[in-house]
Structures are given as C-alpha cells and as structure tokens.
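Student: Structure in structure tokens, see below.
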Number of protein chains: 2
Amino acid sequence: MFLKFNQYLNERSDMTADEMNAIRAVSIEKKLRKKQYLLQQGDVCHHNCFIVKGCMRLYRVSEDGAEHILRFGVENWWMSDQESYRTGNPSKNNIDALENCEVILIDKSDFSQLKIDIPKFGCFIEKLKARSFDASQNRILSHISDTTEVKYQNFITFFPDIFNRVPLHMIASYLGVSRETLSRIRKNIR
Amino acid sequence: MFLKFNQYLNERSDMTADEMNAIRAVSIEKKLRKKQYLLQQGDVCHHNCFIVKGCMRLYRVSEDGAEHILRFGVENWWMSDQESYRTGNPSKNNIDALENCEVILIDKSDFSQLKIDIPKFGCFIEKLKARSFDASQNRILSHISDTTEVKYQNFITFFPDIFNRVPLHMIASYLGVSRETLSRIRKNIR
DNA sequence: CGATTCTTTGAAAACAGTCAATCTGTGTGG
DNA sequence: CCACACAGATTGACTGTTTTCAAAGAATCG
C-alpha cells in the first residue's frame, strides 16, 4: 500500500531513499470499509490522511439533520479536517468512506517533524495547501456568481472521476441544492 | 505609516529591532485614493499588501459585466490575489479602494526572503494562511447550507466593522444575492 | 443645488424547495 | 432462482423564495 504513496511523492518532488524511509517509518496503513468513519463529529483530527485507494467524503450534519458535503476525496487526495487538526478542537465534521478504502495516516507531530527534517516535503505540502486555497476561492466565486446549472457542468468537467462514482444526491449536497432540483437540471441538459 | 505595521507584527509575533528593520527595508508605503485600483484584471500580482488604513475589495467582473466581491479588507488585513501571486499568471480579479487607503507593499521576492531570514515571520504568515483557509471552508459551508437570511446575520455579527462602512449592495454581491433581495431581508429582520 | 450613488418598493416571471409517489437497479437471504 | 428490501433517481403538484425590471425615494458629495 505504501508503494503508491511512494510513487505519488516521487512524481511530485523526488526523494532520496533515506527520506522515503523516514516517511515510511511514520506512515500508518489502514483499511476502511464502505460507510466506515475516519473521523466523527466530536473527535479531534490527529492525522493527515492520504487516500491510496477508494473514495471518501467530508461533511457536516446541520441542526435539522441534513448532511452537507464539503468535499470529496479520491486516490491521491488528502483528507482531513484542517480546522480540528490545526486548533486541536473537536471536529464539527464527519469523514467517512463511500467505498472500501486504503489510506495512509501520519500523526500530526510526525507530520510536522517530517516537514522540518525534509524541507522538500514541507515545501511540497505548502504548495499543495496554496493550490487548495485557490481552489476554495474559486469555489466561493462559483457560489456567488454561477447558476446551479453552470456549477453542475463545472463539477462534471473538473471532477469527472468523482462524478462517475458518487451518487447524484451527494453531488447535489456538495453543490448546495436539493437532489430533485439537480435531477431536473440534468434532465434539461440532455 | 510603518509604525502601525510594526505594532501589528509585534503584537502577534514579537520581533527584534534588527528583524523589524529588515522588514522595514523592503516595505513600500503607498496611499490609494478612493476608487483607485491596487490591482487590475490582467495585471500580475507581484506584491503582498497590508492595509494600514482604509477599506478595499477584491472582486471579479463576469462576462455579463456584473461585479462579484470575493472579499473585503480593512485595517490589519492582507489583500492580494493569491492565485496570480502564486502562479505569476495575469489576475482575473480587481482590487480597489473603497475609501482612501494607506497600505504597505512587499514585493514577492523580498517577502519570500523575509520568510526564510526570519522564521518567526514565516511561521506567522503560515498560521495566517491556515486560518484563512479554514475561514474559506466555513464560508463554503455557509453557502451550501444556510439561508440568505442566516448568511446576512452571520456577516453582520462576524464583520460588524465591514458592515458599517460598506454599501449594502456590495454586501449583497459578497453574499451572492441581488441587492433587492438583501434589502427585503433586512426589512423583515427589523 | 444638482449629480451621483445607494436603497427601497411593487409586480411579474423564473427558479428552487418540499412532499409524496413511483420507478430503477442492486444485492441479499430464503 | 426468485422475492424482497434497499438505496438511488425521477416526476408531478404545490409552495415559497429570488431575480428581474422599472420606478421612485434617500443620502451624500462636490
């Protein structure tokens, strides 16, 4: 399982064997079954999670019990609750597996140490975060300026891999519309 | 003008006199008149901008000519187009002054050097970015789960300082609703 | 004061949410 | 292998919200 993570890192910022071993030493391999929680509301997020295989979602349950999906994650994505991870406060969100998953966990303290010991690694992670921030901004822009139809079209074109393996009602949740509305929009497009 | 920036930095991560001088050496003081652009669509964002005084907005103009406000900035906030700054590509956004402003600019290469030379500074900036990312996530959550009324109430409670000095139609733009709708919502609340 | 910018209002049309019912495909246990 | 349950998708009818357009009413500024 670690091999895929190894490949991922080497493709993006090549590591020496020693560095790779240091990363391996703190990597925890874990398998999740479909519907299994990686993080549950109230837990503190202590790990960074890299998805080797499978599909996951991060969502929040609102007062009225509705689930709101903040993000999806598939192969080669990272998945954690940044806010809880950063602050050490209990998470308000849930992360669970939409398929059987294989993930690699790295504990927060190990992860910080890696960033210090392997500047290349730290630098790579920073770049990732920066891109992730820009993506957030673009998503916000989309929310304040695009019609639901455009948001849906964008989702399909930018995340076809997610679109093809996630039920439509979850995409509706991610976009912030009811499943019925999304169903009708999809019908109009055809 | 630099004094305020000095205070800001010292309150959050205290600096030695030498460090402060290094920062001062690369700080460019600038005044902007109301409506003046700091960055215009098509420009590359070469600077980080710290707002000493005044109020600014970052917005995008869509195909149909509508302005969509991505963020506001007031005293002690940073204001730049992260995406253009990071990639070096022409910005798709505009930044302009909503009031007469005093700002401090630091060139990208100087800024990176500061982060290296003064780890405390780098660390502070990273924390800022992390919090900013979490704020983005919360804003996205709000967009997919809150009613317009709740979004408006949240804006008032979390950014009363902005609410009090920015016209309502710009808040509408920030929230992604028409000014008429926001005007009616505000009426219902009273 | 006049011009500009901002806010409010009304009425019609477009859009989205809710509820209830139905349809579809998948997989499980008897 | 079939019957059944279950999760997901679709549809219709209705309700509620938001946009749009047009007009008019405040507020602000030079």
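Numbering starts fresh at 1 for the residues of each chain in the structure tokens, the chains themselves are lettered A, B, ... in the order given, and ligands are numbered from 1 as they appear.
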Do you have, as JSON lines, the list of residues of chain D lying at most 12 Å from chain B, each with its nearest atom pair and that distance in Å to one decimal, counting only C-alpha atoms (C1' of nucleotides) and ordered by chain then number?
Tutor:
{"residue": "D:DT17", "atom": "C1'", "partner": "B:Thr181", "partner_atom": "CA", "distance": 9.5}
{"residue": "D:DT18", "atom": "C1'", "partner": "B:Thr181", "partner_atom": "CA", "distance": 6.9}
{"residue": "D:DT19", "atom": "C1'", "partner": "B:Ser178", "partner_atom": "CA", "distance": 7.3}
{"residue": "D:DT20", "atom": "C1'", "partner": "B:Ser178", "partner_atom": "CA", "distance": 9.7}
{"residue": "D:DC21", "atom": "C1'", "partner": "B:Glu180", "partner_atom": "CA", "distance": 11.4}
{"residue": "D:DA27", "atom": "C1'", "partner": "B:Pro167", "partner_atom": "CA", "distance": 11.7}
Student: Residues as selected, C-alpha atoms (C1' of nucleotides), written as a PDB file, in the first residue's frame, can you do that?
Tutor:
ATOM      1  C1'  DT D  17     -38.014  32.320  -2.477  1.00  0.00           C
ATOM      2  C1'  DT D  18     -35.249  35.036  -5.550  1.00  0.00           C
ATOM      3  C1'  DT D  19     -34.487  37.563  -9.721  1.00  0.00           C
ATOM      4  C1'  DT D  20     -35.591  40.979 -12.885  1.00  0.00           C
ATOM      5  C1'  DC D  21     -37.202  45.290 -14.422  1.00  0.00           C
ATOM      6  C1'  DA D  27     -28.429  60.099   1.278  1.00  0.00           C
TER       7       DA D  27
END
Student: Could you please write out, as a ChimeraX atom specification, every residue of stretch 3-163 of chain A that DSSP assigns to strand (DSSP E)?
Tutor: /A:27-32,37-39,47-53,56-61,67-73,94-97,101-107
Student: So how many Å separate atom CA of B:Gly42 and atom CA of B:Pro90, to one decimal?
Tutor: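 That distance, rounded to one decimal, is 4.7 Å.
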Student: Enter the distance from atom CA of A:Ser142 to atom CA of B:Gln41, in Å, rounded to one decimal.
Tutor: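 Taking atom CA of A:Ser142 as the start and atom CA of B:Gln41 as the end point, the length is 17.7 Å.
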Student: Please, which residues in chain B fall within 9 Å of chain A when counting only C-alpha atoms, and what is the closest atom pair and distance in Å to one decimal for each, ordered by chain then residue number, as a Markdown table?
Tutor:
| residue | atom | partner | partner_atom | distance |
| --- | --- | --- | --- | --- |
| B:Arg60 | CA | A:Leu141 | CA | 8.3 |
| B:Ser62 | CA | A:Ser145 | CA | 7.9 |
| B:Ala66 | CA | A:Ser145 | CA | 8.7 |
| B:Glu67 | CA | A:Ser145 | CA | 8.9 |
| B:His68 | CA | A:Ser145 | CA | 6.6 |
| B:Ile69 | CA | A:Leu141 | CA | 8.2 |
| B:Leu70 | CA | A:Leu141 | CA | 6.5 |
| B:Gln82 | CA | A:Asp134 | CA | 7.0 |
| B:Glu83 | CA | A:Asp134 | CA | 5.9 |
| B:Arg86 | CA | A:Ala130 | CA | 7.9 |
| B:Glu126 | CA | A:Glu126 | CA | 8.8 |
| B:Lys129 | CA | A:Ala130 | CA | 8.5 |
| B:Ala130 | CA | A:Arg86 | CA | 8.0 |
| B:Arg131 | CA | A:Glu83 | CA | 7.9 |
| B:Ser132 | CA | A:Phe133 | CA | 8.5 |
| B:Phe133 | CA | A:Phe133 | CA | 5.9 |
| B:Asp134 | CA | A:Glu83 | CA | 5.9 |
| B:Ser136 | CA | A:Ser136 | CA | 6.3 |
| B:Gln137 | CA | A:Ser136 | CA | 7.1 |
| B:Arg139 | CA | A:Ile140 | CA | 7.6 |
| B:Ile140 | CA | A:Ile140 | CA | 6.2 |
| B:Leu141 | CA | A:Leu70 | CA | 6.5 |
| B:His143 | CA | A:His143 | CA | 6.9 |
| B:Ile144 | CA | A:Gly176 | CA | 3.9 |
| B:Ser145 | CA | A:Gly176 | CA | 6.4 |
| B:Ser173 | CA | A:Ile144 | CA | 7.4 |
| B:Tyr174 | CA | A:Ile144 | CA | 7.1 |
| B:Leu175 | CA | A:Ile144 | CA | 6.4 |
| B:Gly176 | CA | A:Ile144 | CA | 3.9 |
| B:Val177 | CA | A:Ile144 | CA | 7.3 |
Student: I need the chain C residues near chain B as a ChimeraX atom specification; criterion: at most 9 Å, counting only C-alpha atoms (C1' of nucleotides).
Tutor: /C:6-8
Student: I'd like the contact shell of stretch 19-22 of chain A - 9 Å cut-off, only C-alpha atoms (C1' of nucleotides), skipping same-chain residues fewer than 6 positions apart - returned as number ranges by chain.
Tutor: A: 6, 9-10, 114, 117-118
Student: Which residues come within 12 Å of D:DC4, counting only C-alpha atoms (C1' of nucleotides), excluding same-chain residues fewer than 5 positions away, as a list in words?
Tutor: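 Using only C-alpha atoms (C1' of nucleotides), the neighbours found are DT26, DG27, DT28, DG29 and DG30 of chain C.
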Student: Which residues are near B:Lys31? Cut-off 9 Å, only C-alpha atoms (C1' of nucleotides), ignore same chain within fewer than 5 positions. Put them as a PyMOL selection string.
Tutor: chain B and resi 100-104
Student: Could you work out how far atom CA of A:Phe5 lies from atom CA of A:Ser80, giving the answer in Å with one decimal?
Tutor: 16.4 Å
